[in-house]
Amino acid sequence: MSQFLNASDAARRLGISTKALRLYEQRGLLAPIRSDAGWRAYGPEDLERASEIVALRALGFSLAQVARILKGDASGLEPALAAHQASLEGRVRELVEAIDGVRALRGDLARGSAPSASELARTLILTPGLHVAFDLPWPWGGEPFELRDIPPLTYITGPLGSGKTRLAIRIAEQIDGVFLDLDRAADPSLQPKIEATVGLLVQDGATDTAALRALLSGLEASTPVVVDLIEQGLDRPTQEALIAHLRRRSPGMPPLFVMTRSSSILDLDALGPDEAVLFCPANHAPPFRVAPFPGTPGYEALASCLAPPEVRARSEGVIAVRR
């Protein structure tokens with residue numbers, strides 16, 4: 001058994017959580033052996049397969065898509081690879097622009113013209129993105145809030161009553177975006193446009209419902225969109241297919257903010273470099289950006305917020321009564 005690792009060591013080597021390993025096993029993607037004491041043990045083949053799953057998840061594939069790819073089914077690969085290629089090409093353009101900027105500064109310096117601090121900052125900070133700054137609404141006390149370099153996809157989450165909806169509305173106002181509230185309905189004029197997307201999502205395990213079509217209609221806006229509780233009316237397979245689709249959006253599209261309390265939408269083990277998490281604490285402390293790594297500030301509270309409903313109910317002091 002010297003070549004085998006326990007779940008904690010395997011997860012650490014792969015850079016994921018033990019929860020992710022258990023989820024892969026539940027979905028039939030991994031089948032670790034058991035030790036004499038009944039503990040899971042991961043051998044070289046398990047680790048190789050798990051690393052493949054992690055890489056596919058990093059490309060934005062849902063677990064249903066990963067399962068098909070591991071079985072040799074290449075359907076659905078083209079959109080994901082095209083989106084990944086576009087992202088890489090965008091980064092290349094950014095690097096070329098940065099190199100040209102540094103070259104120009106060196107040329108000025110050689111001619112005896114020293115660059116100013118602002119010129120250095122503009123040149124050396126790659127792709128400064130959209131950012132907003134405003135005073136927080138109630139239930140906060142008007143504290144200043146700033147969000148810099150907004151990525152293509154940002155999650156807003158927090159326990160019940162934490163103010164996340166008010167934060168989402170204020171962000172939509174500040175970025176001149178659309179706030180897609182819970183009372184959403186499909187726009188008949190957009191149905192032909194979203195038909196192909198619905199077909200792809202159904203192929204990935206989603207259920208074609210009015211709630212899904214209403215959401216996709218709202219996401220067709222040409223401005224930034226902030227979505228209130230994106231999982232409303234969607235079952236788990238639909239949520240997983242949807243978020244995989246949203247991760248593959250073109251890098252040139254407007255930023256998207258999604259409010260959620262679903263671990264199927266906000267999977268901490270699948271977050272990519274173009275995503276961010278805003279967490280609203282229960283004590284009405286100002287919202288802050290959370291790094292998706294155990295041990296970082298706010299991570300445990302974030303993980304608790306995304307826990308199953310019965311666990312969240314206990315942590316929030318709510319008594320769940322089943323009738």
# chains A, B, ... in the order shown; residues from 1 in each chain; ligands from 1

$ closest_atom_pairs --of "segment 60-82 of chain A" --to "segment 266-271 of chain A" --cutoff "12 Å" --atoms "only C-alpha atoms" --output "Markdown table"
| residue | atom | partner | partner_atom | distance |
| --- | --- | --- | --- | --- |
| A:Gly60 | CA | A:Ala270 | CA | 7.9 |
| A:Phe61 | CA | A:Ala270 | CA | 9.4 |
| A:Ser62 | CA | A:Ala270 | CA | 9.4 |
| A:Leu63 | CA | A:Ala270 | CA | 10.4 |

$ select_by_dssp --residues "segment 241-287 of chain A" --states "strand (DSSP E or B)" --output "number ranges by chain"
A: 256-259, 275-279

$ write_last_selection --atoms "all heavy atoms" --output "PDB file, in the first residue's frame"
ATOM      1  N   LEU A 256     -20.485  39.298 -15.589  1.00  0.00           N
ATOM      2  CA  LEU A 256     -21.704  38.683 -15.080  1.00  0.00           C
ATOM      3  C   LEU A 256     -21.553  38.468 -13.580  1.00  0.00           C
ATOM      4  O   LEU A 256     -20.544  37.923 -13.116  1.00  0.00           O
ATOM      5  CB  LEU A 256     -21.945  37.342 -15.779  1.00  0.00           C
ATOM      6  CG  LEU A 256     -23.102  36.480 -15.267  1.00  0.00           C
ATOM      7  CD1 LEU A 256     -24.439  37.180 -15.474  1.00  0.00           C
ATOM      8  CD2 LEU A 256     -23.096  35.120 -15.974  1.00  0.00           C
ATOM      9  N   PHE A 257     -22.542  38.913 -12.804  1.00  0.00           N
ATOM     10  CA  PHE A 257     -22.591  38.680 -11.365  1.00  0.00           C
ATOM     11  C   PHE A 257     -23.772  37.753 -11.089  1.00  0.00           C
ATOM     12  O   PHE A 257     -24.879  38.009 -11.568  1.00  0.00           O
ATOM     13  CB  PHE A 257     -22.806  39.991 -10.595  1.00  0.00           C
ATOM     14  CG  PHE A 257     -21.636  40.922 -10.617  1.00  0.00           C
ATOM     15  CD1 PHE A 257     -21.384  41.718 -11.724  1.00  0.00           C
ATOM     16  CD2 PHE A 257     -20.793  41.022  -9.514  1.00  0.00           C
ATOM     17  CE1 PHE A 257     -20.305  42.599 -11.741  1.00  0.00           C
ATOM     18  CE2 PHE A 257     -19.708  41.893  -9.525  1.00  0.00           C
ATOM     19  CZ  PHE A 257     -19.469  42.674 -10.641  1.00  0.00           C
ATOM     20  N   VAL A 258     -23.544  36.683 -10.332  1.00  0.00           N
ATOM     21  CA  VAL A 258     -24.637  35.777  -9.997  1.00  0.00           C
ATOM     22  C   VAL A 258     -24.722  35.628  -8.482  1.00  0.00           C
ATOM     23  O   VAL A 258     -23.734  35.341  -7.821  1.00  0.00           O
ATOM     24  CB  VAL A 258     -24.473  34.396 -10.676  1.00  0.00           C
ATOM     25  CG1 VAL A 258     -24.489  34.541 -12.186  1.00  0.00           C
ATOM     26  CG2 VAL A 258     -23.197  33.694 -10.242  1.00  0.00           C
ATOM     27  N   MET A 259     -25.897  35.859  -7.951  1.00  0.00           N
ATOM     28  CA  MET A 259     -26.124  35.651  -6.530  1.00  0.00           C
ATOM     29  C   MET A 259     -26.567  34.211  -6.339  1.00  0.00           C
ATOM     30  O   MET A 259     -27.439  33.717  -7.068  1.00  0.00           O
ATOM     31  CB  MET A 259     -27.190  36.613  -6.010  1.00  0.00           C
ATOM     32  CG  MET A 259     -27.165  36.797  -4.514  1.00  0.00           C
ATOM     33  SD  MET A 259     -28.262  38.126  -4.000  1.00  0.00           S
ATOM     34  CE  MET A 259     -29.853  37.372  -4.234  1.00  0.00           C
ATOM     35  N   GLU A 275     -12.745  34.088 -12.269  1.00  0.00           N
ATOM     36  CA  GLU A 275     -13.912  34.119 -11.400  1.00  0.00           C
ATOM     37  C   GLU A 275     -13.523  34.689 -10.036  1.00  0.00           C
ATOM     38  O   GLU A 275     -12.369  34.593  -9.619  1.00  0.00           O
ATOM     39  CB  GLU A 275     -14.487  32.704 -11.221  1.00  0.00           C
ATOM     40  CG  GLU A 275     -14.914  32.052 -12.528  1.00  0.00           C
ATOM     41  CD  GLU A 275     -15.216  30.576 -12.351  1.00  0.00           C
ATOM     42  OE1 GLU A 275     -16.161  30.243 -11.621  1.00  0.00           O
ATOM     43  OE2 GLU A 275     -14.480  29.754 -12.948  1.00  0.00           O
ATOM     44  N   ALA A 276     -14.506  35.269  -9.357  1.00  0.00           N
ATOM     45  CA  ALA A 276     -14.278  35.823  -8.025  1.00  0.00           C
ATOM     46  C   ALA A 276     -15.507  35.579  -7.168  1.00  0.00           C
ATOM     47  O   ALA A 276     -16.603  35.360  -7.684  1.00  0.00           O
ATOM     48  CB  ALA A 276     -13.972  37.316  -8.104  1.00  0.00           C
ATOM     49  N   VAL A 277     -15.316  35.617  -5.838  1.00  0.00           N
ATOM     50  CA  VAL A 277     -16.405  35.387  -4.890  1.00  0.00           C
ATOM     51  C   VAL A 277     -16.495  36.577  -3.939  1.00  0.00           C
ATOM     52  O   VAL A 277     -15.512  36.943  -3.290  1.00  0.00           O
ATOM     53  CB  VAL A 277     -16.185  34.100  -4.073  1.00  0.00           C
ATOM     54  CG1 VAL A 277     -17.363  33.878  -3.116  1.00  0.00           C
ATOM     55  CG2 VAL A 277     -16.013  32.902  -4.986  1.00  0.00           C
ATOM     56  N   LEU A 278     -17.684  37.181  -3.851  1.00  0.00           N
ATOM     57  CA  LEU A 278     -17.965  38.220  -2.876  1.00  0.00           C
ATOM     58  C   LEU A 278     -18.834  37.619  -1.773  1.00  0.00           C
ATOM     59  O   LEU A 278     -19.895  37.053  -2.055  1.00  0.00           O
ATOM     60  CB  LEU A 278     -18.714  39.395  -3.519  1.00  0.00           C
ATOM     61  CG  LEU A 278     -17.915  40.320  -4.435  1.00  0.00           C
ATOM     62  CD1 LEU A 278     -18.822  41.407  -4.992  1.00  0.00           C
ATOM     63  CD2 LEU A 278     -16.740  40.932  -3.692  1.00  0.00           C
ATOM     64  N   PHE A 279     -18.382  37.734  -0.537  1.00  0.00           N
ATOM     65  CA  PHE A 279     -19.102  37.137   0.587  1.00  0.00           C
ATOM     66  C   PHE A 279     -19.640  38.227   1.500  1.00  0.00           C
ATOM     67  O   PHE A 279     -18.920  39.150   1.894  1.00  0.00           O
ATOM     68  CB  PHE A 279     -18.171  36.212   1.367  1.00  0.00           C
ATOM     69  CG  PHE A 279     -18.862  35.496   2.502  1.00  0.00           C
ATOM     70  CD1 PHE A 279     -19.800  34.514   2.250  1.00  0.00           C
ATOM     71  CD2 PHE A 279     -18.556  35.809   3.817  1.00  0.00           C
ATOM     72  CE1 PHE A 279     -20.440  33.857   3.282  1.00  0.00           C
ATOM     73  CE2 PHE A 279     -19.189  35.162   4.863  1.00  0.00           C
ATOM     74  CZ  PHE A 279     -20.138  34.178   4.595  1.00  0.00           C
TER      75      PHE A 279
END

$ select_by_dssp --residues "segment 11-251 of chain A" --states "helix (DSSP H, G or I)" --output "MDAnalysis selection string"
chainID A and resid 11:14 18:26 44:58 63:70 77:110 117:124 164:174 188:203 210:218 236:247

$ residues_around --residues "segment 226-243 of chain A" --least-positions-apart "3" --cutoff "8 Å" --atoms "only C-alpha atoms" --output "PyMOL selection string"
chain A and resi 62-64+165+168-169+171-172+177-182+201-202+204-207+211-212+215+246-247+256-262+264-265
